[in-house]
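Novice: Data: my_file_6.txt, compact mmCIF, C-alpha atoms and all ligand atoms.
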# COMPACT_ATOMS: atom_id res chain seq x y z
CA MET A 2 -8.39 -5.03 43.61
CA THR A 3 -7.25 -5.52 40.06
CA LEU A 4 -4.68 -3.09 38.83
CA LEU A 5 -5.85 -0.75 36.07
CA PRO A 6 -3.24 -0.08 33.39
CA GLY A 7 -2.42 3.59 32.87
CA PRO A 8 -3.50 5.54 29.81
CA ILE A 9 -1.67 4.54 26.65
CA ASP A 10 1.81 6.03 26.63
CA PRO A 11 3.99 4.57 23.88
CA PRO A 12 7.77 5.00 23.95
CA THR A 13 9.41 7.47 21.57
CA ARG A 14 10.24 5.59 18.39
CA LEU A 15 11.58 6.46 14.98
CA LEU A 16 9.90 3.97 12.67
CA MET A 17 12.33 3.38 9.79
CA GLY A 18 11.06 0.00 8.69
CA PRO A 19 8.93 -0.90 5.65
CA GLY A 20 5.77 0.36 7.39
CA PRO A 21 4.07 1.35 9.54
CA ILE A 22 6.05 4.56 9.93
CA SER A 23 5.68 7.43 12.39
CA ALA A 24 2.60 9.45 11.43
CA TYR A 25 2.55 13.14 10.53
CA PRO A 26 1.72 14.96 13.80
CA SER A 27 -1.18 16.77 12.15
CA VAL A 28 -2.71 13.41 11.22
CA LEU A 29 -2.69 12.39 14.88
CA THR A 30 -4.24 15.73 15.80
CA ALA A 31 -6.97 15.30 13.18
CA MET A 32 -7.75 11.84 14.51
CA SER A 33 -8.33 13.16 18.01
CA ALA A 34 -11.12 15.49 16.84
CA GLN A 35 -14.60 14.84 18.28
CA LEU A 36 -17.02 12.54 16.46
CA VAL A 37 -20.11 13.67 14.57
CA GLY A 38 -23.10 11.62 13.44
CA GLN A 39 -22.85 9.46 10.36
CA TYR A 40 -25.28 11.63 8.36
CA ASP A 41 -24.33 14.96 9.88
CA PRO A 42 -23.83 17.38 6.98
CA PHE A 43 -20.33 17.97 8.34
CA MET A 44 -19.56 14.27 8.04
CA THR A 45 -20.98 13.80 4.56
CA GLY A 46 -19.14 16.98 3.57
CA ALA A 47 -15.87 15.63 4.96
CA MET A 48 -16.46 12.38 3.06
CA ALA A 49 -16.97 14.28 -0.20
CA GLU A 50 -13.85 16.37 0.44
CA THR A 51 -11.85 13.24 1.13
CA GLN A 52 -13.02 11.70 -2.13
CA GLU A 53 -11.91 14.76 -4.05
CA LEU A 54 -8.51 14.84 -2.29
CA TYR A 55 -7.89 11.18 -3.17
CA ARG A 56 -8.91 11.73 -6.79
CA ARG A 57 -5.97 14.12 -6.95
CA ILE A 58 -3.63 11.65 -5.26
CA TRP A 59 -4.62 8.81 -7.60
CA ALA A 60 -4.61 11.19 -10.58
CA THR A 61 -8.08 10.15 -11.63
CA ARG A 62 -11.45 11.53 -12.54
CA ASN A 63 -13.10 8.37 -11.24
CA ASP A 64 -16.28 9.25 -9.42
CA ALA A 65 -15.90 5.99 -7.50
CA THR A 66 -12.97 7.08 -5.34
CA LEU A 67 -13.44 6.46 -1.64
CA LEU A 68 -12.15 4.71 1.47
CA ILE A 69 -12.66 1.13 2.57
CA ASP A 70 -12.63 0.87 6.36
CA GLY A 71 -9.91 -1.56 7.37
CA THR A 72 -6.23 -2.03 6.68
CA SER A 73 -4.83 -2.21 3.16
CA ARG A 74 -5.95 -5.76 2.64
CA ALA A 75 -9.53 -4.66 3.25
CA GLY A 76 -9.16 -2.69 0.01
CA ILE A 77 -7.68 -5.71 -1.74
CA GLU A 78 -10.49 -7.97 -0.55
CA ALA A 79 -13.18 -5.48 -1.52
CA ALA A 80 -11.72 -5.14 -5.01
CA MET A 81 -11.23 -8.87 -5.56
CA ILE A 82 -14.48 -10.13 -4.14
CA SER A 83 -16.55 -7.45 -5.89
CA LEU A 84 -14.86 -7.57 -9.31
CA VAL A 85 -14.32 -11.32 -9.59
CA ARG A 86 -17.09 -13.88 -9.92
CA PRO A 87 -16.52 -17.45 -8.82
CA GLY A 88 -14.76 -19.27 -11.66
CA ASP A 89 -13.38 -16.11 -13.30
CA ARG A 90 -9.74 -16.37 -14.28
CA VAL A 91 -7.38 -14.03 -12.43
CA LEU A 92 -3.73 -13.60 -13.38
CA VAL A 93 -1.27 -12.50 -10.69
CA PRO A 94 2.35 -11.84 -11.61
CA VAL A 95 4.16 -12.49 -8.33
CA PHE A 96 7.43 -10.70 -7.51
CA GLY A 97 7.22 -10.82 -3.72
CA ARG A 98 5.08 -11.61 -0.72
CA PHE A 99 2.21 -9.31 -1.61
CA GLY A 100 1.73 -10.96 -4.99
CA HIS A 101 1.12 -14.17 -3.10
CA LEU A 102 -1.41 -12.28 -0.96
CA LEU A 103 -3.30 -11.09 -4.07
CA ALA A 104 -3.36 -14.66 -5.37
CA GLU A 105 -4.60 -15.98 -2.04
CA ILE A 106 -7.37 -13.40 -1.80
CA ALA A 107 -8.40 -14.09 -5.41
CA GLU A 108 -8.57 -17.77 -4.53
CA ARG A 109 -10.86 -17.02 -1.60
CA ALA A 110 -13.03 -15.06 -4.06
CA MET A 111 -13.27 -18.44 -5.81
CA ALA A 112 -11.40 -17.29 -8.88
CA GLU A 113 -9.38 -19.63 -11.07
CA VAL A 114 -6.00 -18.16 -10.17
CA HIS A 115 -2.95 -18.26 -12.41
CA THR A 116 0.43 -16.91 -11.34
CA ILE A 117 3.71 -16.18 -13.05
CA GLU A 118 6.84 -15.47 -11.05
CA VAL A 119 10.21 -13.78 -11.25
CA PRO A 120 12.92 -14.30 -8.64
CA TRP A 121 12.66 -11.95 -5.63
CA GLY A 122 14.54 -8.75 -6.38
CA GLN A 123 13.29 -8.47 -9.97
CA VAL A 124 10.22 -7.12 -11.79
CA PHE A 125 8.29 -8.20 -14.90
CA THR A 126 8.70 -6.85 -18.42
CA PRO A 127 5.47 -5.76 -20.08
CA ALA A 128 6.12 -8.45 -22.71
CA ALA A 129 6.19 -11.20 -20.06
CA ILE A 130 2.88 -9.98 -18.67
CA GLU A 131 1.30 -9.75 -22.12
CA GLU A 132 2.50 -13.26 -22.99
CA ALA A 133 0.83 -14.60 -19.84
CA ILE A 134 -2.37 -12.65 -20.57
CA VAL A 135 -2.55 -14.16 -24.05
CA ARG A 136 -2.02 -17.65 -22.61
CA VAL A 137 -4.35 -17.39 -19.57
CA ARG A 138 -7.00 -14.99 -20.99
CA PRO A 139 -7.90 -13.70 -17.53
CA HIS A 140 -10.89 -11.60 -16.49
CA LEU A 141 -8.61 -9.56 -14.21
CA LEU A 142 -4.91 -8.86 -13.85
CA GLY A 143 -3.85 -8.26 -10.23
CA LEU A 144 -0.47 -6.59 -10.00
CA VAL A 145 1.31 -5.14 -6.98
CA GLN A 146 3.01 -1.83 -7.77
CA GLY A 147 5.56 -1.71 -4.95
CA ASP A 148 6.26 -4.87 -2.97
CA THR A 149 7.89 -3.98 0.34
CA SER A 150 9.00 -7.59 0.81
CA THR A 151 11.55 -7.15 -2.02
CA THR A 152 11.53 -3.30 -2.30
CA MET A 153 10.84 -3.64 -6.04
CA LEU A 154 8.63 -1.21 -7.99
CA GLN A 155 6.82 -2.87 -10.88
CA PRO A 156 6.45 -0.41 -13.80
CA LEU A 157 2.73 -0.10 -14.54
CA ASP A 158 2.67 2.56 -17.25
CA GLU A 159 2.50 0.13 -20.20
CA ILE A 160 0.29 -2.48 -18.57
CA GLY A 161 -3.05 -0.70 -18.91
CA ALA A 162 -2.78 -0.56 -22.69
CA ILE A 163 -1.97 -4.28 -22.78
CA CYS A 164 -4.98 -5.07 -20.59
CA ASP A 165 -7.15 -2.88 -22.78
CA ARG A 166 -6.04 -4.69 -25.95
CA HIS A 167 -7.04 -8.02 -24.44
CA GLY A 168 -10.18 -6.92 -22.59
CA VAL A 169 -8.71 -7.57 -19.15
CA LEU A 170 -9.55 -5.62 -15.99
CA PHE A 171 -6.43 -4.05 -14.49
CA TYR A 172 -6.13 -3.89 -10.69
CA SER A 173 -3.11 -2.77 -8.69
CA ASP A 174 -2.20 -2.82 -5.00
CA ALA A 175 -0.28 0.43 -4.54
CA THR A 176 -0.20 0.32 -0.73
CA ALA A 177 3.56 0.56 -0.36
CA SER A 178 4.23 2.96 -3.20
CA LEU A 179 1.41 5.51 -3.44
CA GLY A 180 2.58 8.99 -2.52
CA GLY A 181 6.29 8.22 -2.73
CA ASN A 182 6.43 7.00 -6.33
CA PRO A 183 4.51 8.10 -9.43
CA PHE A 184 0.99 6.71 -9.82
CA GLU A 185 -1.38 7.75 -12.63
CA ALA A 186 -4.63 5.84 -12.37
CA ASP A 187 -6.24 7.31 -15.49
CA ALA A 188 -3.18 7.75 -17.69
CA TRP A 189 -2.03 4.19 -16.96
CA GLY A 190 -5.47 2.68 -17.53
CA LEU A 191 -6.17 1.26 -14.09
CA ASP A 192 -9.66 -0.18 -13.45
CA ALA A 193 -9.08 -0.50 -9.74
CA ALA A 194 -6.35 0.46 -7.33
CA THR A 195 -6.10 0.25 -3.56
CA ALA A 196 -3.71 1.50 -0.89
CA GLY A 197 -3.28 2.06 2.84
CA LEU A 198 -2.15 4.99 4.93
CA GLN A 199 0.79 3.50 6.81
CA LYS A 200 3.45 3.79 4.12
CA CYS A 201 4.22 6.95 2.13
CA LEU A 202 0.90 8.59 3.04
CA GLY A 203 2.11 9.04 6.61
CA GLY A 204 -0.84 7.84 8.66
CA PRO A 205 -1.77 4.80 10.73
CA SER A 206 -3.08 1.62 9.14
CA GLY A 207 -6.85 1.25 9.21
CA SER A 208 -8.15 2.96 6.09
CA ALA A 209 -7.78 1.77 2.50
CA PRO A 210 -8.19 4.37 -0.26
CA ILE A 211 -9.66 2.81 -3.41
CA THR A 212 -10.47 4.10 -6.89
CA LEU A 213 -12.61 2.33 -9.52
CA SER A 214 -13.01 3.03 -13.22
CA GLU A 215 -16.45 3.25 -14.85
CA ARG A 216 -15.86 -0.17 -16.35
CA ALA A 217 -15.17 -1.59 -12.89
CA VAL A 218 -18.27 0.10 -11.48
CA GLU A 219 -20.38 -1.40 -14.29
CA ILE A 220 -19.20 -4.89 -13.37
CA ILE A 221 -19.91 -4.26 -9.70
CA ARG A 222 -23.38 -2.90 -10.55
CA SER A 223 -24.16 -5.90 -12.74
CA ARG A 224 -23.82 -8.31 -9.83
CA LYS A 225 -26.89 -9.61 -8.13
CA LYS A 226 -28.14 -7.69 -5.13
CA ILE A 227 -28.53 -9.78 -2.02
CA GLU A 228 -29.95 -7.57 0.68
CA ALA A 229 -32.12 -8.67 3.53
CA GLY A 230 -35.73 -8.56 2.45
CA ILE A 231 -35.21 -8.07 -1.28
CA ARG A 232 -33.68 -11.43 -2.10
CA GLU A 233 -35.74 -13.44 -4.50
CA PRO A 234 -36.38 -17.15 -4.03
CA GLY A 235 -33.56 -19.15 -5.56
CA ASP A 236 -31.11 -16.27 -5.45
CA GLU A 237 -29.09 -18.09 -2.81
CA ASP A 238 -27.74 -20.20 -5.63
CA ALA A 239 -27.09 -17.30 -7.97
CA PRO A 240 -23.43 -17.59 -8.89
CA ASP A 241 -22.74 -13.91 -9.08
CA PHE A 242 -23.60 -12.20 -5.83
CA VAL A 243 -20.76 -10.71 -3.80
CA ARG A 244 -19.95 -13.16 -1.01
CA SER A 245 -19.31 -10.52 1.60
CA ASN A 246 -21.53 -7.87 3.06
CA TYR A 247 -18.75 -5.70 4.47
CA PHE A 248 -16.73 -5.69 1.25
CA ASP A 249 -19.61 -5.51 -1.25
CA LEU A 250 -18.47 -2.51 -3.28
CA GLY A 251 -21.96 -2.09 -4.73
CA MET A 252 -23.32 -1.38 -1.27
CA ILE A 253 -20.28 0.69 -0.30
CA LEU A 254 -20.70 2.83 -3.45
CA ASP A 255 -24.33 3.43 -2.56
CA TYR A 256 -23.25 4.52 0.90
CA TRP A 257 -20.62 6.99 -0.39
CA GLY A 258 -22.72 8.06 -3.37
CA PRO A 259 -25.54 10.59 -3.53
CA ARG A 260 -28.09 8.09 -2.21
CA ARG A 261 -26.14 7.62 1.05
CA LEU A 262 -27.78 4.25 1.64
CA ASN A 263 -26.89 2.93 5.04
CA HIS A 264 -24.20 0.28 5.07
CA HIS A 265 -21.49 0.27 7.77
CA THR A 266 -20.83 3.23 10.05
CA GLU A 267 -17.96 5.09 8.43
CA ALA A 268 -14.91 4.94 10.73
CA THR A 269 -15.01 8.62 11.59
CA SER A 270 -11.57 9.04 13.18
CA MET A 271 -9.93 7.09 10.35
CA LEU A 272 -11.70 9.32 7.85
CA TYR A 273 -10.32 12.39 9.63
CA GLY A 274 -6.87 10.80 9.49
CA ALA A 275 -7.09 9.78 5.84
CA ARG A 276 -8.34 13.24 4.91
CA GLU A 277 -5.41 14.83 6.74
CA CYS A 278 -2.86 12.49 5.10
CA ALA A 279 -4.12 13.63 1.72
CA ARG A 280 -4.29 17.27 2.76
CA VAL A 281 -0.66 17.19 3.98
CA LEU A 282 0.48 15.52 0.78
CA LEU A 283 -1.35 17.85 -1.58
CA GLY A 284 -0.37 20.88 0.48
CA GLU A 285 3.28 20.03 -0.10
CA GLY A 286 2.51 19.04 -3.70
CA ARG A 287 2.18 15.58 -5.23
CA ASP A 288 5.39 15.87 -7.25
CA ALA A 289 7.27 17.55 -4.41
CA VAL A 290 6.42 14.68 -2.06
CA ILE A 291 7.60 12.12 -4.62
CA GLU A 292 10.83 14.11 -5.09
CA ARG A 293 11.29 14.22 -1.32
CA HIS A 294 10.98 10.43 -1.16
CA VAL A 295 13.47 10.10 -4.02
CA LEU A 296 15.99 12.42 -2.32
CA HIS A 297 15.87 10.79 1.11
CA GLY A 298 15.70 7.32 -0.44
CA GLU A 299 18.88 8.10 -2.40
CA ALA A 300 20.56 9.45 0.72
CA MET A 301 19.69 6.26 2.61
CA LEU A 302 20.87 4.10 -0.32
CA ALA A 303 24.20 5.96 -0.47
CA GLY A 304 24.45 5.80 3.30
CA VAL A 305 24.03 2.03 3.65
CA ARG A 306 26.54 1.55 0.83
CA GLY A 307 28.85 3.97 2.66
CA LEU A 308 28.64 1.58 5.61
CA GLY A 309 29.85 -1.18 3.30
CA LEU A 310 26.47 -2.93 3.16
CA VAL A 311 25.33 -4.79 0.04
CA VAL A 312 21.97 -3.68 -1.36
CA PHE A 313 19.52 -6.44 -2.32
CA GLY A 314 17.76 -6.64 -5.68
CA ASP A 315 17.69 -4.72 -8.94
CA VAL A 316 18.37 -1.20 -7.67
CA ALA A 317 17.20 0.32 -10.96
CA HIS A 318 13.68 -0.90 -10.08
CA LYS A 319 13.78 -0.14 -6.36
CA MET A 320 10.97 1.86 -4.75
CA SER A 321 12.11 5.29 -3.67
CA ASN A 322 10.98 4.70 -0.11
CA VAL A 323 12.59 1.48 1.08
CA VAL A 324 15.93 -0.28 0.72
CA ALA A 325 16.89 -3.86 1.57
CA VAL A 326 20.44 -4.57 2.72
CA GLU A 327 22.13 -7.90 3.23
CA ILE A 328 22.98 -8.62 6.85
CA PRO A 329 26.81 -8.88 6.97
CA GLU A 330 28.41 -12.29 7.60
CA GLY A 331 28.66 -13.03 11.28
CA VAL A 332 26.22 -10.30 12.42
CA ALA A 333 23.25 -11.62 14.41
CA GLY A 334 20.47 -9.92 12.46
CA ASP A 335 17.62 -10.03 14.96
CA ALA A 336 19.80 -9.08 17.94
CA ALA A 337 21.25 -6.14 16.00
CA ARG A 338 17.76 -4.97 15.07
CA GLN A 339 16.78 -5.24 18.70
CA ALA A 340 19.79 -3.12 19.69
CA MET A 341 18.67 -0.47 17.17
CA LEU A 342 15.31 -0.41 18.93
CA GLU A 343 16.40 -0.67 22.54
CA ASP A 344 19.48 1.55 22.45
CA PHE A 345 18.39 4.11 19.87
CA GLY A 346 14.60 3.84 19.69
CA ILE A 347 14.85 3.17 15.95
CA GLU A 348 12.87 0.42 14.29
CA ILE A 349 14.12 -1.19 11.08
CA GLY A 350 12.48 -4.13 9.34
CA THR A 351 13.14 -7.81 9.18
CA SER A 352 12.21 -9.90 6.12
CA PHE A 353 9.94 -12.68 4.96
CA GLY A 354 10.12 -15.89 2.97
CA PRO A 355 13.31 -16.45 1.00
CA LEU A 356 14.87 -13.28 2.45
CA HIS A 357 14.21 -14.15 6.09
CA GLY A 358 17.39 -13.74 8.11
CA ARG A 359 19.24 -12.49 5.01
CA VAL A 360 18.23 -8.83 4.73
CA TRP A 361 17.01 -5.88 6.75
CA ARG A 362 14.62 -3.40 5.21
CA ILE A 363 14.97 0.28 5.94
CA GLY A 364 12.24 2.71 4.97
CA THR A 365 12.29 6.46 4.41
CA MET A 366 8.66 7.34 3.93
CA GLY A 367 5.96 9.82 4.73
CA TYR A 368 6.82 11.87 7.80
CA ASN A 369 10.16 10.03 8.13
CA ALA A 370 11.39 10.86 4.61
CA ARG A 371 13.52 13.49 6.36
CA LYS A 372 17.19 14.35 6.56
CA ASP A 373 17.49 14.08 10.35
CA ALA A 374 15.70 10.71 10.35
CA VAL A 375 18.05 9.38 7.64
CA LEU A 376 21.24 10.63 9.30
CA THR A 377 20.23 9.49 12.79
CA THR A 378 19.39 6.02 11.48
CA LEU A 379 22.71 5.72 9.64
CA ALA A 380 24.69 6.90 12.67
CA ALA A 381 22.93 4.39 14.92
CA LEU A 382 23.32 1.59 12.39
CA GLU A 383 27.05 2.21 12.15
CA GLN A 384 27.41 1.91 15.89
CA VAL A 385 25.28 -1.23 16.12
CA LEU A 386 27.05 -2.93 13.22
CA ARG A 387 30.43 -2.30 14.86
CA ARG A 388 29.26 -3.65 18.21
CA PHE A 389 28.00 -6.76 16.46
CA GLY A 390 31.39 -7.40 14.90
CA ALA A 391 31.09 -5.91 11.41
CA LYS A 392 33.93 -3.84 9.98
CA VAL A 393 32.42 -0.49 9.02
CA PRO A 394 34.13 2.64 7.71
CA ALA A 395 33.96 5.27 10.47
CA GLY A 396 31.33 7.85 9.57
CA GLY A 397 30.95 6.26 6.13
CA GLY A 398 27.17 6.15 6.20
CA VAL A 399 26.42 9.67 7.37
CA GLU A 400 29.16 11.06 5.13
CA ALA A 401 27.77 9.41 1.99
CA ALA A 402 24.25 10.58 2.81
CA LEU A 403 25.46 14.13 3.44
CA ASP A 404 27.14 14.03 0.02
CA VAL A 405 23.77 13.24 -1.52
CA TYR A 406 22.20 16.17 0.33
CA ALA A 407 25.04 18.41 -0.82
CA GLY A 408 24.27 17.38 -4.38
CA ALA A 409 27.73 15.81 -4.72
CA ARG A 410 26.69 12.26 -5.53
C1 LIG A 501 2.42 -3.07 3.50
C2 LIG A 501 1.61 -3.62 2.39
C3 LIG A 501 0.31 -4.07 2.60
C4 LIG A 501 -0.24 -4.04 4.00
O1 LIG A 501 -1.50 -4.56 4.17
P1 LIG A 501 -2.21 -4.30 5.57
O2 LIG A 501 -3.49 -5.01 5.48
O3 LIG A 501 -2.36 -2.82 5.74
O4 LIG A 501 -1.30 -4.87 6.61
C5 LIG A 501 -0.42 -4.52 1.51
N1 LIG A 501 0.13 -4.54 0.28
C6 LIG A 501 1.40 -4.13 0.05
C7 LIG A 501 1.95 -4.13 -1.32
C8 LIG A 501 2.17 -3.65 1.11
O5 LIG A 501 3.43 -3.27 0.92
Could you render the structure from this file as structure tokens?
Specialist:
Amino acid sequence: MTLLPGPIDPPTRLLMGPGPISAYPSVLTAMSAQLVGQYDPFMTGAMAETQELYRRIWATRNDATLLIDGTSRAGIEAAMISLVRPGDRVLVPVFGRFGHLLAEIAERAMAEVHTIEVPWGQVFTPAAIEEAIVRVRPHLLGLVQGDTSTTMLQPLDEIGAICDRHGVLFYSDATASLGGNPFEADAWGLDAATAGLQKCLGGPSGSAPITLSERAVEIIRSRKKIEAGIREPGDEDAPDFVRSNYFDLGMILDYWGPRRLNHHTEATSMLYGARECARVLLGEGRDAVIERHVLHGEAMLAGVRGLGLVVFGDVAHKMSNVVAVEIPEGVAGDAARQAMLEDFGIEIGTSFGPLHGRVWRIGTMGYNARKDAVLTTLAALEQVLRRFGAKVPAGGGVEAALDVYAGAR
């Protein structure tokens, strides 16, 4: 007889890394609701409601505001492969790991990809981006807003006008930042933006909110339709059809739009979850949620400094919701992180690329942008650091965070 594993029963964890983070309880409840049929009026109604909720989160009037089923990179792939024709030039300013991801996905969309870079821990000036646009003359600019690999927040507010002046489509990956930092799709002139739920939106990964300007929709609509049965002879060689069925935004728009043309089966439970993430956020208030992320992010920043840790990068351009700290000399970084998890049930993040083994990343986002989560993490971190040989001021982390909460910064 083979042994059957028991029902899923995860340990209690406080997820204080760069994402995923512990979900809002009401999101988990929403996701356990019973399924309905794909074209049940309840379902199409819930889809329409979700679109309207996300218009408010993106701050847009874009009709084409919907969800791509899949993790955040599903949104990135859909945007890239649908907006970029093979041979189109794409410019990606890279300031961390996710810039490299945009460049890679653009390459797979057969774009001619150009990158510019700043050292990790910095962001681009609008002038540097404009200079590169003038030189490269791209079809599309792909720019990450918040890159969790470095914790930096790239200012986007002046970039749309630059793109407009030069006739460039403006796309941003706001996965890490949306909800916890300002984002104004219309006011900042975005043509496309994508996100995921597992950062400041407080849900699980698996759904990618996307919004598309009219100009972006026109480009998508202008691409050749390749559907079974309607393809014309010779179309196989047409250079401009979208080389993915799943991520063909033209088909996905027709599915979410009034025609409701069948495409994939909308991931019902993820839709429930995404809808609830947005409902929670808007119920608290878009600005209030951003302010909450700022407050708890500042408390965590003060707290890690109160423990004597050195903060990585240009703090003036840090996202509100994540901080990177240098691992002190002599402390075994991975073992200390493991002690945080095993002894305290708290997860903090490791790092990638040039920062691997050098910094930990600690997030305060979504459901865990909370005073008790911040103080508990700092108290545990103090204990772990001491056990791993670091000299830390007793109570220095919690004390500094409490000062922030008392308004005595
Ligand atoms: C976390 C993150 C992602 C995650 O992508 P997934 O496909 O959901 O794993 C993408 N982009 C950025 C900027 C992120 O910070």
Novice: Produce as number ranges by chain the set of residues near ligand LIG 501 (chain A), where near means within 10 Å with only C-alpha atoms and all ligand atoms considered.
Specialist: A: 19-21, 71-78, 97-100, 102-103, 144-152, 154, 173-179, 195-200, 205-209
Novice: Go ahead and compute the interatomic distance for atom CA of Trp189 of chain A and atom CA of Glu292 of chain A, in Å to one decimal.
Specialist: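 The value is 20.1 Å.
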Novice: Please provide as a ChimeraX atom specification all residues within 9 Å of Ser23 of chain A, with the sequence filter that same-chain residues fewer than 6 positions apart are discarded (counting all atoms listed in the file).
Specialist: /A:14-17,199,203-205,366-369
Novice: When you draw a straight line from atom CA of Ser33 of chain A to atom CA of His294 of chain A, how long is it in Å?
Specialist: 27.3 Å
Novice: Would you mind reading off the distance between atom CA of Leu296 of chain A and atom CA of Glu277 of chain A, one decimal, in Å?
Specialist: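 Separating atom CA of Leu296 of chain A from atom CA of Glu277 of chain A is a distance of 23.4 Å.
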Novice: Taking only C-alpha atoms into account, name the residue in A:Leu379, A:Phe353, A:Met48, A:Gln384 that is nearest to Ala340 of chain A.
Specialist: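 With only C-alpha atoms as the atom set, the closest residue is A:Gln384.
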Novice: Using all atoms listed in the file, which of the listed residues (A:Gln52, A:Ser245, A:Thr66, A:Thr13) sits closest to Glu348 of chain A?
Specialist: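 Checking each of A:Gln52, A:Ser245, A:Thr66, A:Thr13 against Glu348 of chain A, counting all atoms listed in the file, the winner is A:Thr13.
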Novice: Just need the box for segment 97-101 of chain A, edges along x, y and z, holding every atom the file lists for it with 3 Å tacked onto each side, so centre and edge lengths in Å to one decimal, as AutoDock Vina command-line options.
Specialist:
--center_x 4.2 --center_y -11.7 --center_z -2.9 --size_x 12.1 --size_y 10.9 --size_z 10.3
Novice: Could you list as a count of residues only every residue that has an atom within 10 Å of (-23.1, -6.8, -12.3), using the file's coordinates and counting all atoms listed in the file?
Specialist: 17
Novice: Take the point (-10.8, 4.0, 2.5) as written in the file and pick out every residue within 7 Å of it, counting only C-alpha atoms; give the list as a list in words.
Specialist: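 The residues that fall inside the cut-off are Leu67, Leu68, Ile69, Asp70, Ser208, Ala209, Pro210 and Ile211 of chain A.
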Novice: Next, the residues of the selection above should be written as an mmCIF file, keeping the file's coordinate frame with C-alpha atoms.
Specialist:
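Here's the written file again_5.cif:
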data_model
loop_
_atom_site.group_PDB
_atom_site.id
_atom_site.type_symbol
_atom_site.label_atom_id
_atom_site.label_comp_id
_atom_site.auth_asym_id
_atom_site.auth_seq_id
_atom_site.Cartn_x
_atom_site.Cartn_y
_atom_site.Cartn_z
ATOM 1 C CA LEU A 67 -13.440 6.460 -1.640
ATOM 2 C CA LEU A 68 -12.150 4.710 1.470
ATOM 3 C CA ILE A 69 -12.660 1.130 2.570
ATOM 4 C CA ASP A 70 -12.630 0.870 6.360
ATOM 5 C CA SER A 208 -8.150 2.960 6.090
ATOM 6 C CA ALA A 209 -7.780 1.770 2.500
ATOM 7 C CA PRO A 210 -8.190 4.370 -0.260
ATOM 8 C CA ILE A 211 -9.660 2.810 -3.410
#
Novice: Rank A:Gly88, A:Gly284, A:Gly398, A:Gly346 by their smallest atom-to-atom distance to Leu310 of chain A, using all atoms listed in the file, and report the top residue only.
Specialist: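 So, comparing all the options, the nearest one is A:Gly398.
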Novice: Using all atoms listed in the file, determine which residues lie at most 12 Å from Ala31 of chain A, disregarding the query and same-chain residues fewer than 5 positions distant; provide the list as a list in words.
Specialist: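 Listing them by chain and then by number gives Ala24, Tyr25, Pro26, Leu36, Gly204, Pro205, Thr269, Ser270, Met271, Leu272, Tyr273, Gly274, Ala275, Arg276, Glu277, Cys278, Ala279, Arg280 and Val281 of chain A.
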Novice: Taking 6 positions as the minimum chain separation for residues in the same chain, which residues sit within 10 Å of Leu356 of chain A when counting all atoms listed in the file? Answer as a ChimeraX atom specification.
Specialist: /A:121-122,150-151,313,325,327
Novice: Considering all atoms listed in the file, state which residue in the set A:Ile363, A:Ala47, A:Ala391, A:Val375 is at the smallest distance from Glu330 of chain A.
Specialist: A:Ala391
Novice: From the set A:Pro8, A:Gly334, A:Pro394, A:Gly143, which residue has the shortest atom-to-atom contact distance to Trp361 of chain A, counting all atoms listed in the file?
Specialist: A:Gly334
Novice: Might you pull out every residue within 10 Å of Ala303 of chain A, with only C-alpha atoms counted and same-chain residues fewer than 2 positions away left off, and present them as a PyMOL selection string?
Specialist: chain A and resi 297-301+305-310+312+397-405+410
Novice: Choose the residue, out of A:Val393, A:Leu302, A:Val91, A:Val124, that has the smallest atom-to-atom separation from Arg138 of chain A; count only C-alpha atoms.
Specialist: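 Selected residue with least distance to Arg138 of chain A: A:Val91.
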